[in-house]
Protein chains: 2
Amino acid sequence: MNDTPLPVTIRDVGLRDGLQILARTVPTAHKIEWLRAAHAAGLRELELGSFVPARLLPQLADTAALVEAARALPGLVASVLVPNLKGAQAAIEAGADAMLLPLSASRAHSLANLRKTPDEVVGEIARIRALRDAAGSRCLIEVGISTAFGCTLQGRVDEDEVLRLVQAVLDAGAERVGLADTVGYADPLQVARLFTRAFAVAGPRLGCGHFHDTRGLGLANVFAAWQAGVRRFDACVGGIGGCPHAPGASGNVATEDLAYLFASMGVPTGLDLHALLALRERLAQRWLPGEALHGSVWRAGLPKTMTEAMAKETA
Amino acid sequence: MNDTPLPVTIRDVGLRDGLQILARTVPTAHKIEWLRAAHAAGLRELELGSFVPARLLPQLADTAALVEAARALPGLVASVLVPNLKGAQAAIEAGADAMLLPLSASRAHSLANLRKTPDEVVGEIARIRALRDAAGSRCLIEVGISTAFGCTLQGRVDEDEVLRLVQAVLDAGAERVGLADTVGYADPLQVARLFTRAFAVAGPRLGCGHFHDTRGLGLANVFAAWQAGVRRFDACVGGIGGCPHAPGASGNVATEDLAYLFASMGVPTGLDLHALLALRERLAQRWLPGEALHGSVWRAGLPKTMTEAMAKETA
């Protein structure tokens, strides 16, 4: 009998979600070192940047170059953020494997962030699907529903509205949909409830949990989502990232902490914890010196029980 | 129909577990301000100190004075740590409401920390129970089984051995028993499994979950224990504390983070979040300046959804 749990996929979004709120621009050569190190640590999905006008996010102006570099790495799914039709066109031309389209369930946040209502974004998703199909591209269309658990601008976000939008984006042609707590408002019971309800709507197309650790509940929320059946999570090495329209929001959950959580529970991720901790160290020392990094497991290191088990496996 | 979940009790252990590893000695007058502020924030169980020889822990030499101060506060359960028969005698004389007897499930840790094997500690617990009964005291006897999830010295700790010790301390006369991860080795699945098994042994006498946030899993472990039925947790305002025999161990879960977790989930704790955050601030500024505090919710503050709900409640 094989009772190994199903594997979990962690998509590192540091090169996009992590970098977009920093004032600095990391040189392309450093980003390529970074993405290669991430691949070497076992990561097989990376969000590499965003196809938005370079004047808005100069930090991410080299996204096409990163997609090209990523395509040389075996088995790597290169995903990019795309805010509109023009960005989708660029993602298809660059040869990205997946495009992530953000949609905010909070009307107030949607207007502030994208200058569109949620339903206007749904309309844009339908146009992007038509464009993608017409281009004969296989670039996967994933929608990330942000502020699904509450919003710094609007406050409460109605769960029925989130579920309506899940259905709407699937109807509009999205192939995968995820729920995001970019502002750190979610709690584990809410996460369990909303993901369970969303699974009833989206089935296996419910593809991702995206959590920030703003108030310390990040890993508890990841655990609750995992219990509800989620097997794919976004995270950033070093817990970098945030949202420019969410004051006080401080960082995605840390990739290395998720890898540690799942390794502790015996859930396979394909990730090399030592390599992830070394990657965090390179972020701190080489690519993002002086920036605030977050996360927890790097402080005390791996427990003796885990290093002993790892030694036994490789013996 | 009333579907409010059962309340959760948080015992703040900062004045004992938090202070015992600090080099500084906090003046008794400050500790009394601290315990009064904790009571005012809604805390109704406090661990106030330890009855160990003052030459070993001079920081806690004023424990009897704190118990006396606590007895003036309505509804407050004053608990103290007691390592042996002599300490139990002092706890009874001081009029403590509860004494916490530590027992390490790791033989290596038990020898290093108490210079006794786990079974020798069980023998001492039986003698303490006899002493307590002979004295006609009502001081509750609680045993905290530490290193229940793994040990920095020994590594793996056998779950069957933990459960054997749970039964043994109950047989020896303990009225309540808890499981502790003082070194931050536990993961949520392990927590769920071990607490579920321990409930089968101890029933309602399984009284407490004690978690450290050494590797970021503290709140996920609290959530998992809560799911398994635990309704009483130890924590420290500011996430202070650790274990002198557990290198790298960095702090109990933070009282204010637990209060936030449970408030988010609609679970009553009787705690005032604003007062807890103010108490943390007084720790940082007045009582423990320069010491490393931990925890998360203090950084970003409470979410808009929660402050709006609180305003509605008091309107």
# chains A, B, ... in the order shown; residues from 1 in each chain; ligands from 1
>>> residues_around(residues="Ala200 (chain B)", least_positions_apart="5", cutoff="12 Å", atoms="only C-alpha atoms", output="list in words")
Leu163, Arg164, Val166, Gln167, Arg193, Leu194, Phe195, Arg205, Leu206, Ala228 and Gly229 of chain B
>>> write_last_selection(atoms="C-alpha atoms", output="PDB file, in the first residue's frame")
ATOM      1  CA  LEU B 163       1.193   8.526  24.998  1.00  0.00           C
ATOM      2  CA  ARG B 164       2.602   6.134  27.578  1.00  0.00           C
ATOM      3  CA  VAL B 166       0.378  10.872  29.241  1.00  0.00           C
ATOM      4  CA  GLN B 167      -1.197   7.798  30.851  1.00  0.00           C
ATOM      5  CA  ARG B 193      -2.415  12.964  15.018  1.00  0.00           C
ATOM      6  CA  LEU B 194      -0.753  13.171  18.435  1.00  0.00           C
ATOM      7  CA  PHE B 195      -3.464  15.290  20.048  1.00  0.00           C
ATOM      8  CA  ARG B 205      -7.929  15.991  31.119  1.00  0.00           C
ATOM      9  CA  LEU B 206      -5.913  16.749  27.961  1.00  0.00           C
ATOM     10  CA  ALA B 228      -8.348  18.226  16.966  1.00  0.00           C
ATOM     11  CA  GLY B 229     -10.333  19.642  19.887  1.00  0.00           C
TER      12      GLY B 229
END
>>> residues_around(residues="region 6-21 of chain B", least_positions_apart="3", cutoff="6 Å", atoms="only C-alpha atoms", output="MDAnalysis selection string")
chainID B and resid 45:49 231:236 240:241 267:269
>>> calpha_fit_and_write(fixed="chain A", moving="chain B", output="JSON list (two decimals) with C-alpha atoms, in the first residue's frame")
[["chain", "number", "residue", "atom", "x", "y", "z"],
["B", 1, "MET", "CA", -0.06, 0.04, -0.19],
["B", 2, "ASN", "CA", 1.25, 3.46, -1.09],
["B", 3, "ASP", "CA", 0.03, 6.14, 1.25],
["B", 4, "THR", "CA", 2.34, 8.92, 0.08],
["B", 5, "PRO", "CA", 0.18, 12.04, -0.21],
["B", 6, "LEU", "CA", -0.34, 13.70, -3.58],
["B", 7, "PRO", "CA", 2.44, 16.11, -4.48],
["B", 8, "VAL", "CA", 2.07, 19.84, -4.05],
["B", 9, "THR", "CA", 3.36, 22.34, -6.60],
["B", 10, "ILE", "CA", 4.80, 25.61, -5.42],
["B", 11, "ARG", "CA", 5.06, 28.38, -7.97],
["B", 12, "ASP", "CA", 7.62, 30.98, -7.01],
["B", 13, "VAL", "CA", 6.34, 34.44, -7.92],
["B", 14, "GLY", "CA", 9.28, 36.43, -6.56],
["B", 15, "LEU", "CA", 10.49, 37.72, -9.92],
["B", 16, "ARG", "CA", 7.08, 39.33, -10.47],
["B", 17, "ASP", "CA", 5.06, 39.78, -7.26],
["B", 18, "GLY", "CA", 8.24, 40.13, -5.23],
["B", 19, "LEU", "CA", 9.97, 42.69, -7.41],
["B", 20, "GLN", "CA", 7.07, 44.83, -8.55],
["B", 21, "ILE", "CA", 6.80, 46.81, -5.32],
["B", 22, "LEU", "CA", 10.53, 47.43, -4.94],
["B", 23, "ALA", "CA", 11.95, 50.75, -6.07],
["B", 24, "ARG", "CA", 15.12, 49.08, -7.34],
["B", 25, "THR", "CA", 15.50, 47.38, -10.71],
["B", 26, "VAL", "CA", 17.39, 44.09, -10.53],
["B", 27, "PRO", "CA", 19.63, 43.68, -13.59],
["B", 28, "THR", "CA", 18.46, 41.07, -16.08],
["B", 29, "ALA", "CA", 21.66, 39.05, -15.68],
["B", 30, "HIS", "CA", 20.96, 38.75, -11.95],
["B", 31, "LYS", "CA", 17.37, 37.73, -12.57],
["B", 32, "ILE", "CA", 18.57, 35.00, -14.92],
["B", 33, "GLU", "CA", 20.99, 33.69, -12.28],
["B", 34, "TRP", "CA", 18.07, 33.80, -9.85],
["B", 35, "LEU", "CA", 15.68, 31.86, -12.06],
["B", 36, "ARG", "CA", 18.33, 29.25, -12.82],
["B", 37, "ALA", "CA", 19.02, 28.80, -9.10],
["B", 38, "ALA", "CA", 15.28, 28.49, -8.49],
["B", 39, "HIS", "CA", 15.08, 25.80, -11.16],
["B", 40, "ALA", "CA", 18.08, 24.03, -9.68],
["B", 41, "ALA", "CA", 16.33, 24.02, -6.28],
["B", 42, "GLY", "CA", 13.49, 22.07, -7.86],
["B", 43, "LEU", "CA", 11.01, 24.82, -8.68],
["B", 44, "ARG", "CA", 9.15, 23.98, -11.89],
["B", 45, "GLU", "CA", 6.78, 26.94, -12.08],
["B", 46, "LEU", "CA", 8.01, 30.50, -11.93],
["B", 47, "GLU", "CA", 6.21, 33.75, -12.46],
["B", 48, "LEU", "CA", 8.84, 35.73, -14.28],
["B", 49, "GLY", "CA", 7.39, 39.17, -14.77],
["B", 50, "SER", "CA", 4.52, 41.18, -16.08],
["B", 51, "PHE", "CA", 3.62, 42.46, -19.53],
["B", 52, "VAL", "CA", 2.64, 45.96, -18.51],
["B", 53, "PRO", "CA", 3.99, 49.20, -20.01],
["B", 54, "ALA", "CA", 7.62, 49.67, -18.96],
["B", 55, "ARG", "CA", 6.87, 53.21, -17.76],
["B", 56, "LEU", "CA", 4.55, 51.70, -15.09],
["B", 57, "LEU", "CA", 6.84, 48.91, -13.90],
["B", 58, "PRO", "CA", 10.38, 49.48, -15.20],
["B", 59, "GLN", "CA", 11.53, 46.73, -12.78],
["B", 60, "LEU", "CA", 9.75, 44.18, -14.99],
["B", 61, "ALA", "CA", 10.58, 45.57, -18.42],
["B", 62, "ASP", "CA", 12.80, 42.59, -19.24],
["B", 63, "THR", "CA", 10.05, 39.98, -18.86],
["B", 64, "ALA", "CA", 10.40, 38.71, -22.45],
["B", 65, "ALA", "CA", 14.12, 38.11, -21.94],
["B", 66, "LEU", "CA", 13.40, 36.10, -18.81],
["B", 67, "VAL", "CA", 10.81, 33.98, -20.58],
["B", 68, "GLU", "CA", 13.39, 33.24, -23.21],
["B", 69, "ALA", "CA", 15.98, 32.27, -20.59],
["B", 70, "ALA", "CA", 13.42, 30.09, -18.80],
["B", 71, "ARG", "CA", 12.58, 28.21, -21.98],
["B", 72, "ALA", "CA", 16.08, 26.75, -21.97],
["B", 73, "LEU", "CA", 15.48, 25.05, -18.61],
["B", 74, "PRO", "CA", 13.95, 21.57, -18.78],
["B", 75, "GLY", "CA", 10.46, 21.13, -17.40],
["B", 76, "LEU", "CA", 10.04, 24.73, -16.31],
["B", 77, "VAL", "CA", 6.62, 26.35, -16.69],
["B", 78, "ALA", "CA", 7.20, 30.04, -17.38],
["B", 79, "SER", "CA", 4.25, 32.12, -16.30],
["B", 80, "VAL", "CA", 3.77, 35.87, -16.65],
["B", 81, "LEU", "CA", 1.26, 38.38, -15.35],
["B", 82, "VAL", "CA", -0.93, 39.98, -17.97],
["B", 83, "PRO", "CA", -3.30, 42.85, -17.15],
["B", 84, "ASN", "CA", -5.02, 43.22, -20.53],
["B", 85, "LEU", "CA", -5.28, 42.17, -24.18],
["B", 86, "LYS", "CA", -2.09, 43.94, -25.17],
["B", 87, "GLY", "CA", -0.18, 42.15, -22.42],
["B", 88, "ALA", "CA", -1.68, 38.83, -23.52],
["B", 89, "GLN", "CA", -0.46, 39.46, -27.05],
["B", 90, "ALA", "CA", 3.05, 40.07, -25.67],
["B", 91, "ALA", "CA", 2.90, 36.91, -23.53],
["B", 92, "ILE", "CA", 1.92, 34.83, -26.55],
["B", 93, "GLU", "CA", 4.67, 36.37, -28.67],
["B", 94, "ALA", "CA", 7.25, 35.77, -25.93],
["B", 95, "GLY", "CA", 6.28, 32.11, -25.78],
["B", 96, "ALA", "CA", 5.18, 32.04, -22.12],
["B", 97, "ASP", "CA", 3.65, 28.75, -20.97],
["B", 98, "ALA", "CA", 0.97, 30.40, -18.88],
["B", 99, "MET", "CA", -0.47, 33.83, -18.36],
["B", 100, "LEU", "CA", -1.92, 34.94, -15.07],
["B", 101, "LEU", "CA", -4.76, 37.45, -15.35],
["B", 102, "PRO", "CA", -5.55, 39.29, -12.12],
["B", 103, "LEU", "CA", -9.15, 40.04, -11.25],
["B", 104, "SER", "CA", -10.05, 41.72, -7.99],
["B", 105, "ALA", "CA", -13.25, 40.56, -6.36],
["B", 106, "SER", "CA", -13.41, 43.91, -4.58],
["B", 107, "ARG", "CA", -14.95, 46.51, -6.86],
["B", 108, "ALA", "CA", -13.07, 49.29, -5.05],
["B", 109, "HIS", "CA", -9.73, 47.51, -5.43],
["B", 110, "SER", "CA", -10.44, 46.59, -9.05],
["B", 111, "LEU", "CA", -11.09, 50.23, -9.93],
["B", 112, "ALA", "CA", -7.97, 51.40, -8.07],
["B", 113, "ASN", "CA", -5.69, 48.69, -9.46],
["B", 114, "LEU", "CA", -6.97, 48.09, -13.01],
["B", 115, "ARG", "CA", -9.39, 50.98, -13.55],
["B", 116, "LYS", "CA", -12.05, 48.46, -14.50],
["B", 117, "THR", "CA", -14.96, 46.84, -12.67],
["B", 118, "PRO", "CA", -14.66, 43.08, -12.05],
["B", 119, "ASP", "CA", -17.16, 42.40, -14.83],
["B", 120, "GLU", "CA", -15.21, 44.57, -17.27],
["B", 121, "VAL", "CA", -12.20, 42.38, -16.45],
["B", 122, "VAL", "CA", -14.29, 39.28, -17.18],
["B", 123, "GLY", "CA", -15.04, 40.81, -20.59],
["B", 124, "GLU", "CA", -11.31, 41.32, -21.20],
["B", 125, "ILE", "CA", -10.64, 37.69, -20.24],
["B", 126, "ALA", "CA", -13.08, 36.54, -22.95],
["B", 127, "ARG", "CA", -11.26, 38.70, -25.51],
["B", 128, "ILE", "CA", -7.90, 37.29, -24.36],
["B", 129, "ARG", "CA", -9.20, 33.74, -24.77],
["B", 130, "ALA", "CA", -10.37, 34.56, -28.31],
["B", 131, "LEU", "CA", -7.00, 36.12, -29.11],
["B", 132, "ARG", "CA", -5.10, 33.16, -27.72],
["B", 133, "ASP", "CA", -7.20, 30.64, -29.70],
["B", 134, "ALA", "CA", -6.96, 32.69, -32.91],
["B", 135, "ALA", "CA", -3.17, 32.81, -32.50],
["B", 136, "GLY", "CA", -3.02, 29.02, -32.22],
["B", 137, "SER", "CA", -1.10, 29.49, -28.98],
["B", 138, "ARG", "CA", -1.04, 26.94, -26.14],
["B", 139, "CYS", "CA", -0.36, 29.56, -23.47],
["B", 140, "LEU", "CA", -2.54, 28.53, -20.52],
["B", 141, "ILE", "CA", -4.98, 31.14, -19.23],
["B", 142, "GLU", "CA", -5.16, 31.34, -15.43],
["B", 143, "VAL", "CA", -7.16, 33.90, -13.51],
["B", 144, "GLY", "CA", -6.11, 34.91, -10.01],
["B", 145, "ILE", "CA", -9.02, 36.34, -8.02],
["B", 146, "SER", "CA", -7.46, 38.74, -5.57],
["B", 147, "THR", "CA", -9.02, 40.33, -2.46],
["B", 148, "ALA", "CA", -11.10, 37.15, -2.34],
["B", 149, "PHE", "CA", -10.96, 37.22, 1.48],
["B", 150, "GLY", "CA", -11.35, 40.93, 2.13],
["B", 151, "CYS", "CA", -9.95, 44.23, 0.90],
["B", 152, "THR", "CA", -8.03, 47.09, 2.49],
["B", 153, "LEU", "CA", -10.13, 49.60, 0.56],
["B", 154, "GLN", "CA", -13.58, 48.06, 0.60],
["B", 155, "GLY", "CA", -13.37, 45.92, 3.74],
["B", 156, "ARG", "CA", -15.64, 42.89, 3.50],
["B", 157, "VAL", "CA", -15.89, 41.03, 0.18],
["B", 158, "ASP", "CA", -18.99, 38.92, -0.31],
["B", 159, "GLU", "CA", -18.24, 35.20, -0.73],
["B", 160, "ASP", "CA", -21.13, 34.74, -3.14],
["B", 161, "GLU", "CA", -19.64, 37.46, -5.32],
["B", 162, "VAL", "CA", -16.28, 35.65, -5.32],
["B", 163, "LEU", "CA", -17.98, 32.43, -6.39],
["B", 164, "ARG", "CA", -19.98, 34.24, -9.05],
["B", 165, "LEU", "CA", -16.70, 35.58, -10.45],
["B", 166, "VAL", "CA", -15.09, 32.11, -10.35],
["B", 167, "GLN", "CA", -17.94, 30.86, -12.56],
["B", 168, "ALA", "CA", -17.83, 33.97, -14.76],
["B", 169, "VAL", "CA", -14.10, 33.70, -15.56],
["B", 170, "LEU", "CA", -14.45, 30.00, -16.36],
["B", 171, "ASP", "CA", -17.37, 30.83, -18.65],
["B", 172, "ALA", "CA", -15.22, 33.51, -20.26],
["B", 173, "GLY", "CA", -12.60, 30.91, -21.14],
["B", 174, "ALA", "CA", -10.11, 30.79, -18.27],
["B", 175, "GLU", "CA", -8.62, 27.32, -17.94],
["B", 176, "ARG", "CA", -7.57, 27.67, -14.34],
["B", 177, "VAL", "CA", -8.64, 29.93, -11.53],
["B", 178, "GLY", "CA", -7.08, 30.64, -8.13],
["B", 179, "LEU", "CA", -8.04, 32.57, -5.02],
["B", 180, "ALA", "CA", -5.68, 35.12, -3.54],
["B", 181, "ASP", "CA", -5.40, 36.89, -0.21],
["B", 182, "THR", "CA", -2.96, 39.58, -1.27],
["B", 183, "VAL", "CA", -3.70, 41.71, 1.80],
["B", 184, "GLY", "CA", -3.46, 39.12, 4.57],
["B", 185, "TYR", "CA", -7.10, 39.24, 5.68],
["B", 186, "ALA", "CA", -7.90, 35.52, 5.43],
["B", 187, "ASP", "CA", -8.26, 33.13, 8.34],
["B", 188, "PRO", "CA", -8.05, 29.34, 8.14],
["B", 189, "LEU", "CA", -11.79, 28.67, 8.55],
["B", 190, "GLN", "CA", -12.64, 31.21, 5.88],
["B", 191, "VAL", "CA", -10.01, 29.67, 3.59],
["B", 192, "ALA", "CA", -11.42, 26.18, 4.13],
["B", 193, "ARG", "CA", -14.98, 27.40, 3.51],
["B", 194, "LEU", "CA", -14.29, 29.49, 0.41],
["B", 195, "PHE", "CA", -12.00, 26.95, -1.26],
["B", 196, "THR", "CA", -14.48, 24.16, -0.57],
["B", 197, "ARG", "CA", -17.26, 26.20, -2.15],
["B", 198, "ALA", "CA", -14.99, 27.19, -5.06],
["B", 199, "PHE", "CA", -14.13, 23.53, -5.72],
["B", 200, "ALA", "CA", -17.85, 22.88, -6.05],
["B", 201, "VAL", "CA", -17.95, 25.52, -8.81],
["B", 202, "ALA", "CA", -14.62, 24.98, -10.57],
["B", 203, "GLY", "CA", -13.65, 21.39, -9.81],
["B", 204, "PRO", "CA", -10.08, 20.61, -10.90],
["B", 205, "ARG", "CA", -9.86, 23.98, -12.64],
["B", 206, "LEU", "CA", -9.52, 25.53, -9.17],
["B", 207, "GLY", "CA", -5.81, 25.71, -9.47],
["B", 208, "CYS", "CA", -4.03, 27.84, -6.92],
["B", 209, "GLY", "CA", -3.90, 29.35, -3.44],
["B", 210, "HIS", "CA", -2.04, 32.64, -3.11],
["B", 211, "PHE", "CA", -1.46, 33.86, 0.44],
["B", 212, "HIS", "CA", 0.38, 36.71, 2.03],
["B", 213, "ASP", "CA", 1.72, 36.52, 5.57],
["B", 214, "THR", "CA", 0.75, 40.04, 6.53],
["B", 215, "ARG", "CA", -0.62, 39.09, 9.94],
["B", 216, "GLY", "CA", 1.10, 35.78, 10.63],
["B", 217, "LEU", "CA", -1.66, 33.49, 9.39],
["B", 218, "GLY", "CA", -0.03, 32.71, 6.03],
["B", 219, "LEU", "CA", 1.04, 29.15, 6.77],
["B", 220, "ALA", "CA", -2.10, 28.34, 8.75],
["B", 221, "ASN", "CA", -4.08, 29.46, 5.70],
["B", 222, "VAL", "CA", -1.92, 27.36, 3.38],
["B", 223, "PHE", "CA", -2.51, 24.36, 5.63],
["B", 224, "ALA", "CA", -6.26, 24.97, 5.66],
["B", 225, "ALA", "CA", -6.32, 25.30, 1.87],
["B", 226, "TRP", "CA", -4.31, 22.11, 1.56],
["B", 227, "GLN", "CA", -6.81, 20.35, 3.80],
["B", 228, "ALA", "CA", -9.57, 21.62, 1.49],
["B", 229, "GLY", "CA", -7.80, 20.00, -1.46],
["B", 230, "VAL", "CA", -5.57, 22.72, -2.91],
["B", 231, "ARG", "CA", -2.37, 21.25, -4.34],
["B", 232, "ARG", "CA", -0.79, 24.33, -5.91],
["B", 233, "PHE", "CA", 0.42, 27.45, -4.11],
["B", 234, "ASP", "CA", 2.15, 30.70, -4.91],
["B", 235, "ALA", "CA", 5.04, 31.85, -2.73],
["B", 236, "CYS", "CA", 8.26, 33.87, -2.87],
["B", 237, "VAL", "CA", 11.70, 32.91, -1.64],
["B", 238, "GLY", "CA", 12.43, 35.28, 1.23],
["B", 239, "GLY", "CA", 8.76, 36.20, 1.62],
["B", 240, "ILE", "CA", 9.19, 39.29, -0.53],
["B", 241, "GLY", "CA", 6.35, 41.05, -2.28],
["B", 242, "GLY", "CA", 3.15, 42.81, -1.50],
["B", 243, "CYS", "CA", 0.62, 44.99, -3.20],
["B", 244, "PRO", "CA", 1.11, 48.67, -3.99],
["B", 245, "HIS", "CA", -2.62, 49.28, -3.42],
["B", 246, "ALA", "CA", -2.69, 47.43, -0.08],
["B", 247, "PRO", "CA", -0.99, 49.56, 2.57],
["B", 248, "GLY", "CA", 0.71, 47.54, 5.32],
["B", 249, "ALA", "CA", 0.68, 44.35, 3.28],
["B", 250, "SER", "CA", 4.02, 42.73, 3.96],
["B", 251, "GLY", "CA", 5.04, 39.86, 1.81],
["B", 252, "ASN", "CA", 3.99, 36.63, 0.22],
["B", 253, "VAL", "CA", 4.37, 33.45, 2.20],
["B", 254, "ALA", "CA", 7.96, 32.28, 1.86],
["B", 255, "THR", "CA", 8.69, 29.46, -0.60],
["B", 256, "GLU", "CA", 11.19, 27.89, 1.80],
["B", 257, "ASP", "CA", 8.61, 27.95, 4.63],
["B", 258, "LEU", "CA", 6.01, 26.23, 2.45],
["B", 259, "ALA", "CA", 8.61, 23.71, 1.34],
["B", 260, "TYR", "CA", 9.42, 23.09, 5.01],
["B", 261, "LEU", "CA", 5.75, 22.82, 5.99],
["B", 262, "PHE", "CA", 5.05, 20.21, 3.32],
["B", 263, "ALA", "CA", 8.31, 18.33, 3.91],
["B", 264, "SER", "CA", 7.41, 18.13, 7.62],
["B", 265, "MET", "CA", 4.07, 16.62, 6.72],
["B", 266, "GLY", "CA", 5.60, 14.14, 4.27],
["B", 267, "VAL", "CA", 3.99, 15.82, 1.26],
["B", 268, "PRO", "CA", 6.27, 15.75, -1.80],
["B", 269, "THR", "CA", 7.10, 19.07, -3.47],
["B", 270, "GLY", "CA", 10.22, 18.16, -5.44],
["B", 271, "LEU", "CA", 12.02, 21.02, -3.70],
["B", 272, "ASP", "CA", 15.50, 20.96, -2.19],
["B", 273, "LEU", "CA", 15.28, 22.78, 1.15],
["B", 274, "HIS", "CA", 19.00, 23.40, 1.45],
["B", 275, "ALA", "CA", 19.08, 24.87, -2.06],
["B", 276, "LEU", "CA", 16.10, 27.11, -1.27],
["B", 277, "LEU", "CA", 17.79, 28.40, 1.89],
["B", 278, "ALA", "CA", 20.94, 29.05, -0.14],
["B", 279, "LEU", "CA", 18.86, 30.89, -2.73],
["B", 280, "ARG", "CA", 17.36, 33.05, 0.01],
["B", 281, "GLU", "CA", 20.88, 33.84, 1.17],
["B", 282, "ARG", "CA", 21.85, 34.93, -2.35],
["B", 283, "LEU", "CA", 18.79, 37.18, -2.48],
["B", 284, "ALA", "CA", 19.81, 38.75, 0.81],
["B", 285, "GLN", "CA", 23.48, 39.14, -0.07],
["B", 286, "ARG", "CA", 23.67, 39.56, -3.82],
["B", 287, "TRP", "CA", 20.44, 40.46, -5.61],
["B", 288, "LEU", "CA", 18.42, 42.36, -3.01],
["B", 289, "PRO", "CA", 20.89, 43.68, -0.43],
["B", 290, "GLY", "CA", 19.21, 46.01, 2.05],
["B", 291, "GLU", "CA", 15.67, 44.90, 1.20],
["B", 292, "ALA", "CA", 13.45, 43.48, 3.94],
["B", 293, "LEU", "CA", 13.16, 39.73, 3.58],
["B", 294, "HIS", "CA", 10.70, 37.68, 5.60],
["B", 295, "GLY", "CA", 9.98, 34.05, 6.36],
["B", 296, "SER", "CA", 10.84, 31.89, 9.34],
["B", 297, "VAL", "CA", 12.62, 28.60, 8.74],
["B", 298, "TRP", "CA", 15.88, 30.29, 7.67],
["B", 299, "ARG", "CA", 16.38, 31.62, 11.23],
["B", 300, "ALA", "CA", 16.59, 28.35, 13.15],
["B", 301, "GLY", "CA", 17.37, 26.09, 10.19],
["B", 302, "LEU", "CA", 15.97, 22.63, 9.67],
["B", 303, "PRO", "CA", 15.18, 20.47, 12.70],
["B", 304, "LYS", "CA", 17.41, 17.56, 13.58],
["B", 305, "THR", "CA", 14.55, 15.13, 12.90],
["B", 306, "MET", "CA", 14.37, 16.34, 9.30],
["B", 307, "THR", "CA", 18.09, 16.45, 8.55],
["B", 308, "GLU", "CA", 18.40, 12.93, 9.98],
["B", 309, "ALA", "CA", 15.56, 11.71, 7.79],
["B", 310, "MET", "CA", 17.11, 13.38, 4.73],
["B", 311, "ALA", "CA", 20.48, 11.77, 5.46],
["B", 312, "LYS", "CA", 18.79, 8.38, 5.73],
["B", 313, "GLU", "CA", 17.06, 8.89, 2.36],
["B", 314, "THR", "CA", 20.26, 9.71, 0.53],
["B", 315, "ALA", "CA", 22.29, 6.98, 2.31]]
>>> select_by_dssp(residues="region 22-243 of chain A", states="helix (DSSP H, G or I)", output="PyMOL selection string")
chain A and resi 28-40+58-60+63-71+85-94+107-114+118-134+159-171+188-205+218-227+237-239
